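Engineer: Just dropping this structure here.
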Amino acid sequence: MSTSVTPEQVNQIVWNQHHNPFEILGPHPIQVGGKPGWVVRAYWPNADAAVVVCPDQRQEYAMQSLHNPHFFECMIPEVETLNYQLRIQEGDRECVVYDPYAFASPQVTEYDQHLFAKGDHHRIYEKLGAHLTTLEGINGVNFAVWAPNARNVSILADFNAWDGRRHQMRKGPSGIWELFIPDIGIGEHYKYEIKNLEGHIYEKSDPYGFQQEIRPKTASIVTDLSAYTWSDQAWLEQRRHADPLSQPVSIYEVHLGSWMHAATDDPATLEDGTPISPVLVSELKPGARFLTYRELADRLIPYVANMGFTHIELLPVAEHPFDGSWGYQVTGYYAATSRYGTPEDLMYFIDQCHQQGLGVIVDWVPGHFPKDGHGLAFFDGTHLYEHADPRKGEHKEWGTLVFNYSRNEVKNFLIANALFWFDKYHIDGIRVDAVASMLYLNYCREDGEWLANDYGGAENVEAADFLRHLNDLIFSYFPGILSIAEESTSWPMVSWPTYLGGLGFNLKWNMGWMHDMLDYFHMDPWFRQFQQNHVTFSIMYAFSENFMLALSHDEIVHGKSNMIGKIPGDEWQKFANLRCLYAFMFTHPGKKTLFMSMEFGQWNEWNVWGDLDWHLLQYDPHRQLQQFITDLNRLYRRLPSLYTNDFNYDGFEWVDCNDNRHSVISFLRKAKDTNKFVLTVCNFTPQPHSHYRVGVPEPGFYQELFNSDARQYGGSNMGNLGGKWAEEWSFHNRPYSLDLCLPPLATLIFELDCPPNHQLEQSAQPLDED
């Protein structure tokens with residue numbers, strides 16, 4: 001019988017036009033004279049000769065060129081089970097390799113493909129991408145990529161001289177291309193060479209790759225995410241049984257690349273002392289390099305923990321090519337950015353956060369992706385991840401593309417990616433970026449630039465369904481975590497459970513409160529009496545969602561000024577205003593987020609290529625503000641009244657919100673399941689008030705727990721000598737009242753302290769640590 005292939009079949013391999021090279025290459029069983037045998041074929045560009053080496057039979061079989069000088073074939077008679085290697089001669093170089101096409105069993109099963117096509121393969125990242133694999137006792141890497149509309153897909157890598165003819169992949173029925181390559185491992189750099197139906201070639205990074213080269217290079221890198229040994233089991237177990245909504249949540253939002261830098265003459269090293277090549281910040285910052293994840297663990301984590309925050313929120317740490325995007329234009333959704341080190345280094349950073357009592361939240365960007373040629377855009381020569389119609393598939397304002405949420409495999413890519421960060425990196429929450437841009441088809445689009453949904457509306461029904469499904473899954477797999485929506489519109493029930501019709505997040509940024517506060521504190525204090533509603537309006541809707549009060553990175557860039565620069569008055573008034581705002585924020589219902597630099601009153605806007613202005617801490621006002629935030633965090637974490645009942649009317653009660661003439665407000669915060677409460681009084685003008693009366697519900701001594709005007713914080717040190725006894729003087733519709741001294745531009749916090757002989761201390765003192 002004939003065992004040879006036709007010239008047309010050989011040319012399909014030579015010209016990389018065959019969707020399943022296993023049909024031609026590798027071993028194929030034959031019958032020779034009624035006995036079993038094999039024919040082995042190999043294509044090795046630039047090879048002069050090839051030999052099949054059979055160690056079991058201790059035989060070698062010279063291969064013959066067939067229809068092409070680099071396409072080889074030989075017959076091996078009277079062998080039932082074939083185990084072989086190829087010895088390849090290229091000029092004066094010789095190598096012995098296992099044949100990738102001898103490993104015919106696909107690792108992505110039919111069931112994997114079925115789940116992926118449905119959008120329900122929650123661990124697809126363990127199948128697609130590059131994975132260390134052992135087949136038939138041989139170690140190697142299995143590569144798999146989804147490119148259903150490609151004509152051919154090959155692997156480009158160091159081990160094949162970046163020649164797409166060498167390792168051509170096999171296409172499965174669901175559009176997944178796959179190939180196992182033996183005798184390679186961790187550290188290999190690779191890409192996919194994808195040809196469309198017209199033969200155009202696209203060189204793409206691996207969408208499911210776990211590591212990439214440092215920008216501006218773009219190759220993916222084979223790595224093993226299971227190598228790191230975690231030490232946070234107790235943290236994860238405690239989290240699994242906790243309700244974060246009834247716990248204190250005070251988040252320090254940070255961009256790892258601009259919190260602090262090191263000098264290039266201060267080399268980074270591995271644990272064993274091996275030096276690491278420095279990753280320079282940019283040409284705009286000569287002589288500076290990024291801190292590594294491990295260096296940040298040594299510097300950033302103790303700083304945030306000592307400041308009393310409960311969580312660190314990282315601006316996106318998925319791989320992105322452009323520093324100036326702050327990480328929000330992602331090309332490697334499954335790859336931790338290499339700017340600061342390896343995946344294991346990031347795991348170490350998160351592990352250390354947990355061991356020092358800090359949760360980790362990661363900004364996650366499922367709303368759009370950049371057009372970079374090595375990324376997801378036009379991935380297989382078609383609009384695979386994005387919509388083909390730019391009226392649905394492009395954000396012109398950002399120069400990015402929009403994910404096609406109606407496609408199951410795209411939804412699977414994103415949902416599995418969120419699960420991946422919880423699973424592999426042990427993060428404690430995600431903050432989903434730009435949710436409004438996902439929910440509205442007309443977001444930042446003029447009439448005629450968008451397409452209505454099937455019902456004629458502007459709502460992106462597929463995106464809303466995607467977010468519901470996402471939140472259902474992450475909470476079912478990882479109870480106790482946070483899913484925070486940056487959503488700036490009136491879309492209802494964003495933070496309500498999906499079974500009630502909500503989107504399923506458990507927190508939503510309160511953008512209305514943020515804008516009202518920044519507008520209010522930007523005013524000259526004299527005009528605030530006419531704008532009391534800026535302070536009080538947020539309570540009208542405060543319990544319609546589970547709100548996060550966030551003063552974020554977006555508020556101190558693009559000419560908006562940093563927080564201290566937004567406020568009128570001389571330097572003393574600026575700092576007093578800022579302390580008053582922060583103390584009001586921490587007593588207002590809702591969880592808290594502050595962006596780095598706000599805690600010490602930096603004057604300059606945030607610059608992604610610069611350091612924070614740490615030198616300011618040599619000056620008293622900045623150092624005192626930093627101490628103020630530390631004490632405020634500690635007080636917040638110590639008082640259940642301020643965090644256990646954030647999302648219920650039972651947790652808040654106005655005492656007086658109508659004294660606009662003096663720009664003073666007062667309110668109670670109440671703890672859940674106890675009778676504990678605190679009283680907050682805010683004076684938003686520089687005019688102090690003596691004998692200012694405030695109604696209280698119970699008799700007793702009200703201890704002044706916190707005074708933002710204390711001398712230790714740079715204030716005028718006016719106060720109430722540690723507290724006041726309630727008088728039986730009905731006021732504000734309450735049977736008792738306090739006769740208070742209100743300092744200028746200050747927030748006071750009181751708690752009922754029952755023992756009458758309690759030893760009082762001056763209120764204008766920094767709080768001791770718990």
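Identifiers in the structure tokens: chain A, B, ... in order shown; residue index from 1 per chain; ligand index from 1 in order shown.
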Neighbouring residues of Trp177 in chain A were defined as those with any atom within 8 Å, considering only C-alpha atoms; residues of the same chain fewer than 3 positions away were excluded. Please report them as a PyMOL selection string.
Structural biologist: chain A and resi 144-147+153+169-172
Engineer: With a distance cut-off of 12 Å and only C-alpha atoms, select the neighbouring residues of range 532-536 of chain A, excluding the residue or stretch itself and same-chain residues fewer than 6 positions from it, and output the selection as number ranges by chain.
Structural biologist: A: 512-523, 525-526, 542, 581, 584-585, 588, 653-667, 682-685
Engineer: So that I can see what lies close to Trp729 in chain A, please list as a list of chain:residue names the residues with an atom at most 9 Å from it, counting only C-alpha atoms and leaving out residues fewer than 5 positions away in the same chain.
Structural biologist: A:Gly695, A:Arg734, A:Pro735, A:Tyr736, A:Ser737, A:Leu738
Engineer: Got a sec to tell me which of range 412-498 of chain A DSSP assigns to helix (DSSP H, G or I), as an NGL selection string?
Structural biologist: :A and (412-425 or 435-439 or 461-477 or 498)
Engineer: Selection from above, N, CA and C atoms, as an mmCIF file, in the first residue's frame, can you write it?
Structural biologist:
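Just written: part.cif:
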data_model
loop_
_atom_site.group_PDB
_atom_site.id
_atom_site.type_symbol
_atom_site.label_atom_id
_atom_site.label_comp_id
_atom_site.auth_asym_id
_atom_site.auth_seq_id
_atom_site.Cartn_x
_atom_site.Cartn_y
_atom_site.Cartn_z
ATOM 1 N N ASN A 412 -16.651 34.328 28.851
ATOM 2 C CA ASN A 412 -15.884 33.332 29.585
ATOM 3 C C ASN A 412 -14.474 33.834 29.873
ATOM 4 N N PHE A 413 -13.853 34.457 28.883
ATOM 5 C CA PHE A 413 -12.513 35.028 29.062
ATOM 6 C C PHE A 413 -12.485 35.985 30.243
ATOM 7 N N LEU A 414 -13.492 36.857 30.335
ATOM 8 C CA LEU A 414 -13.505 37.880 31.376
ATOM 9 C C LEU A 414 -13.897 37.319 32.737
ATOM 10 N N ILE A 415 -14.939 36.500 32.773
ATOM 11 C CA ILE A 415 -15.378 35.947 34.060
ATOM 12 C C ILE A 415 -14.301 35.053 34.651
ATOM 13 N N ALA A 416 -13.702 34.200 33.823
ATOM 14 C CA ALA A 416 -12.611 33.359 34.317
ATOM 15 C C ALA A 416 -11.433 34.210 34.770
ATOM 16 N N ASN A 417 -11.216 35.356 34.130
ATOM 17 C CA ASN A 417 -10.116 36.222 34.532
ATOM 18 C C ASN A 417 -10.330 36.779 35.938
ATOM 19 N N ALA A 418 -11.557 37.213 36.242
ATOM 20 C CA ALA A 418 -11.829 37.682 37.603
ATOM 21 C C ALA A 418 -11.622 36.558 38.607
ATOM 22 N N LEU A 419 -12.130 35.376 38.309
ATOM 23 C CA LEU A 419 -11.942 34.230 39.200
ATOM 24 C C LEU A 419 -10.458 33.880 39.343
ATOM 25 N N PHE A 420 -9.727 34.031 38.255
ATOM 26 C CA PHE A 420 -8.295 33.737 38.256
ATOM 27 C C PHE A 420 -7.541 34.571 39.285
ATOM 28 N N TRP A 421 -7.825 35.859 39.375
ATOM 29 C CA TRP A 421 -7.105 36.719 40.310
ATOM 30 C C TRP A 421 -7.411 36.345 41.761
ATOM 31 N N PHE A 422 -8.655 35.935 42.025
ATOM 32 C CA PHE A 422 -8.973 35.458 43.369
ATOM 33 C C PHE A 422 -8.298 34.106 43.638
ATOM 34 N N ASP A 423 -8.327 33.243 42.649
ATOM 35 C CA ASP A 423 -7.819 31.875 42.814
ATOM 36 C C ASP A 423 -6.303 31.849 42.927
ATOM 37 N N LYS A 424 -5.618 32.439 41.974
ATOM 38 C CA LYS A 424 -4.163 32.307 41.897
ATOM 39 C C LYS A 424 -3.415 33.359 42.724
ATOM 40 N N TYR A 425 -4.018 34.537 42.912
ATOM 41 C CA TYR A 425 -3.308 35.609 43.615
ATOM 42 C C TYR A 425 -3.919 35.950 44.977
ATOM 43 N N VAL A 435 -17.841 51.168 34.980
ATOM 44 C CA VAL A 435 -19.052 50.361 34.794
ATOM 45 C C VAL A 435 -20.076 51.095 33.947
ATOM 46 N N ALA A 436 -20.175 52.405 34.126
ATOM 47 C CA ALA A 436 -21.154 53.168 33.346
ATOM 48 C C ALA A 436 -20.887 53.038 31.849
ATOM 49 N N SER A 437 -19.617 52.983 31.457
ATOM 50 C CA SER A 437 -19.304 52.853 30.026
ATOM 51 C C SER A 437 -19.739 51.506 29.486
ATOM 52 N N MET A 438 -19.874 50.516 30.367
ATOM 53 C CA MET A 438 -20.340 49.196 29.954
ATOM 54 C C MET A 438 -21.860 49.157 29.850
ATOM 55 N N LEU A 439 -22.522 49.869 30.749
ATOM 56 C CA LEU A 439 -23.974 49.735 30.872
ATOM 57 C C LEU A 439 -24.759 50.531 29.838
ATOM 58 N N VAL A 461 -27.876 45.579 27.438
ATOM 59 C CA VAL A 461 -28.478 44.461 28.160
ATOM 60 C C VAL A 461 -27.470 43.338 28.354
ATOM 61 N N GLU A 462 -26.662 43.072 27.326
ATOM 62 C CA GLU A 462 -25.672 41.993 27.433
ATOM 63 C C GLU A 462 -24.633 42.297 28.511
ATOM 64 N N ALA A 463 -24.215 43.560 28.612
ATOM 65 C CA ALA A 463 -23.234 43.925 29.638
ATOM 66 C C ALA A 463 -23.819 43.778 31.035
ATOM 67 N N ALA A 464 -25.073 44.200 31.199
ATOM 68 C CA ALA A 464 -25.723 44.064 32.512
ATOM 69 C C ALA A 464 -25.833 42.589 32.896
ATOM 70 N N ASP A 465 -26.214 41.738 31.955
ATOM 71 C CA ASP A 465 -26.300 40.300 32.236
ATOM 72 C C ASP A 465 -24.924 39.730 32.582
ATOM 73 N N PHE A 466 -23.908 40.199 31.862
ATOM 74 C CA PHE A 466 -22.548 39.756 32.146
ATOM 75 C C PHE A 466 -22.144 40.108 33.579
ATOM 76 N N LEU A 467 -22.431 41.332 34.024
ATOM 77 C CA LEU A 467 -22.046 41.750 35.369
ATOM 78 C C LEU A 467 -22.805 40.956 36.429
ATOM 79 N N ARG A 468 -24.062 40.665 36.184
ATOM 80 C CA ARG A 468 -24.824 39.852 37.145
ATOM 81 C C ARG A 468 -24.212 38.457 37.269
ATOM 82 N N HIS A 469 -23.910 37.869 36.133
ATOM 83 C CA HIS A 469 -23.344 36.521 36.139
ATOM 84 C C HIS A 469 -21.965 36.527 36.816
ATOM 85 N N LEU A 470 -21.169 37.548 36.509
ATOM 86 C CA LEU A 470 -19.855 37.690 37.131
ATOM 87 C C LEU A 470 -19.973 37.718 38.650
ATOM 88 N N ASN A 471 -20.826 38.580 39.178
ATOM 89 C CA ASN A 471 -20.921 38.727 40.626
ATOM 90 C C ASN A 471 -21.506 37.488 41.289
ATOM 91 N N ASP A 472 -22.469 36.857 40.641
ATOM 92 C CA ASP A 472 -22.995 35.597 41.182
ATOM 93 C C ASP A 472 -21.864 34.588 41.383
ATOM 94 N N LEU A 473 -20.990 34.484 40.393
ATOM 95 C CA LEU A 473 -19.944 33.469 40.438
ATOM 96 C C LEU A 473 -18.846 33.802 41.443
ATOM 97 N N ILE A 474 -18.379 35.036 41.458
ATOM 98 C CA ILE A 474 -17.254 35.324 42.355
ATOM 99 C C ILE A 474 -17.681 35.220 43.818
ATOM 100 N N PHE A 475 -18.928 35.562 44.132
ATOM 101 C CA PHE A 475 -19.378 35.428 45.524
ATOM 102 C C PHE A 475 -19.656 33.970 45.883
ATOM 103 N N SER A 476 -20.052 33.174 44.898
ATOM 104 C CA SER A 476 -20.284 31.764 45.200
ATOM 105 C C SER A 476 -18.960 31.026 45.414
ATOM 106 N N TYR A 477 -17.942 31.379 44.641
ATOM 107 C CA TYR A 477 -16.640 30.734 44.801
ATOM 108 C C TYR A 477 -15.848 31.310 45.975
ATOM 109 N N THR A 498 -28.452 39.934 42.857
ATOM 110 C CA THR A 498 -29.059 39.650 41.553
ATOM 111 C C THR A 498 -30.448 39.038 41.699
#
Engineer: So that I can see what lies close to Phe543 in chain A, please list as a list in words the residues with an atom at most 10 Å from it, counting only C-alpha atoms and leaving out residues fewer than 5 positions away in the same chain.
Structural biologist: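 Using only C-alpha atoms, the neighbours found are Ser538, Pro589, Gly590, Asp646, Phe647, Asn648, Tyr649, Gly651 and Phe652 of chain A.
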Engineer: State, in Å with one decimal place, the distance from CA of Asp753 in chain A to CA of Thr644 in chain A.
Structural biologist: 19.6 Å
Engineer: With only C-alpha atoms as the basis for distance, which of A:Leu179, A:Ala150, A:Ala268, A:Leu635 is at the shortest distance from Leu197 in chain A?
Structural biologist: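 When distances to Leu197 in chain A are compared using only C-alpha atoms, the smallest one comes from A:Ala150.
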Engineer: Neighbours of His70 in chain A within 9 Å (only C-alpha atoms; same-chain residues fewer than 4 positions away dropped), as an MDAnalysis selection string?
Structural biologist: chainID A and resid 14 42:50 65:66
Engineer: Could you please take those selected residues and save N, CA, C and O atoms as a PDB file, in the first residue's frame?
Structural biologist:
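File written: part-v5.pdb
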ATOM      1  N   VAL A  14       4.340  23.036   4.164  1.00  0.00           N
ATOM      2  CA  VAL A  14       5.454  23.944   3.880  1.00  0.00           C
ATOM      3  C   VAL A  14       4.987  25.394   3.888  1.00  0.00           C
ATOM      4  O   VAL A  14       5.676  26.285   4.400  1.00  0.00           O
ATOM      5  N   ALA A  42       8.323  14.487   9.046  1.00  0.00           N
ATOM      6  CA  ALA A  42       8.742  15.690   9.767  1.00  0.00           C
ATOM      7  C   ALA A  42       9.041  16.800   8.776  1.00  0.00           C
ATOM      8  O   ALA A  42       9.553  16.532   7.679  1.00  0.00           O
ATOM      9  N   TYR A  43       8.699  18.013   9.181  1.00  0.00           N
ATOM     10  CA  TYR A  43       9.063  19.194   8.385  1.00  0.00           C
ATOM     11  C   TYR A  43       9.926  20.074   9.260  1.00  0.00           C
ATOM     12  O   TYR A  43       9.503  20.524  10.337  1.00  0.00           O
ATOM     13  N   TRP A  44      11.139  20.299   8.830  1.00  0.00           N
ATOM     14  CA  TRP A  44      12.095  21.074   9.614  1.00  0.00           C
ATOM     15  C   TRP A  44      12.790  22.054   8.682  1.00  0.00           C
ATOM     16  O   TRP A  44      13.767  21.712   8.023  1.00  0.00           O
ATOM     17  N   PRO A  45      12.296  23.274   8.572  1.00  0.00           N
ATOM     18  CA  PRO A  45      12.907  24.256   7.671  1.00  0.00           C
ATOM     19  C   PRO A  45      14.400  24.412   7.957  1.00  0.00           C
ATOM     20  O   PRO A  45      14.823  24.426   9.123  1.00  0.00           O
ATOM     21  N   ASN A  46      15.170  24.487   6.910  1.00  0.00           N
ATOM     22  CA  ASN A  46      16.628  24.691   6.967  1.00  0.00           C
ATOM     23  C   ASN A  46      17.406  23.433   7.336  1.00  0.00           C
ATOM     24  O   ASN A  46      18.638  23.466   7.396  1.00  0.00           O
ATOM     25  N   ALA A  47      16.717  22.307   7.579  1.00  0.00           N
ATOM     26  CA  ALA A  47      17.442  21.070   7.909  1.00  0.00           C
ATOM     27  C   ALA A  47      18.041  20.459   6.648  1.00  0.00           C
ATOM     28  O   ALA A  47      17.428  20.456   5.575  1.00  0.00           O
ATOM     29  N   ASP A  48      19.229  19.914   6.804  1.00  0.00           N
ATOM     30  CA  ASP A  48      19.883  19.227   5.692  1.00  0.00           C
ATOM     31  C   ASP A  48      19.595  17.736   5.716  1.00  0.00           C
ATOM     32  O   ASP A  48      19.588  17.078   4.671  1.00  0.00           O
ATOM     33  N   ALA A  49      19.375  17.192   6.915  1.00  0.00           N
ATOM     34  CA  ALA A  49      19.123  15.761   7.029  1.00  0.00           C
ATOM     35  C   ALA A  49      18.384  15.507   8.321  1.00  0.00           C
ATOM     36  O   ALA A  49      18.445  16.290   9.278  1.00  0.00           O
ATOM     37  N   ALA A  50      17.670  14.372   8.355  1.00  0.00           N
ATOM     38  CA  ALA A  50      16.919  13.991   9.551  1.00  0.00           C
ATOM     39  C   ALA A  50      16.974  12.485   9.708  1.00  0.00           C
ATOM     40  O   ALA A  50      16.943  11.743   8.726  1.00  0.00           O
ATOM     41  N   SER A  65      14.062  13.052   1.917  1.00  0.00           N
ATOM     42  CA  SER A  65      13.307  14.242   1.501  1.00  0.00           C
ATOM     43  C   SER A  65      12.193  13.825   0.562  1.00  0.00           C
ATOM     44  O   SER A  65      12.367  12.933  -0.296  1.00  0.00           O
ATOM     45  N   LEU A  66      11.055  14.522   0.703  1.00  0.00           N
ATOM     46  CA  LEU A  66       9.891  14.163  -0.098  1.00  0.00           C
ATOM     47  C   LEU A  66       9.199  15.435  -0.566  1.00  0.00           C
ATOM     48  O   LEU A  66       8.645  16.185   0.246  1.00  0.00           O
TER      49      LEU A  66
END
Engineer: For Leu314 in chain A, which residue out of A:Pro21, A:Pro688, A:Gly257, A:Pro216 is the nearest one, using only C-alpha atoms?
Structural biologist: A:Gly257
Engineer: So how far away is CA of Pro321 in chain A from CA of Lys217 in chain A, in Å?
Structural biologist: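 So the answer is 8.6 Å.
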Engineer: Tell me, as a VMD selection string, which residues lie within 7 Å of range 75-82 of chain A, counting only C-alpha atoms; anything in the same chain fewer than 4 positions away does not count.
Structural biologist: chain A and resid 32 35 to 40
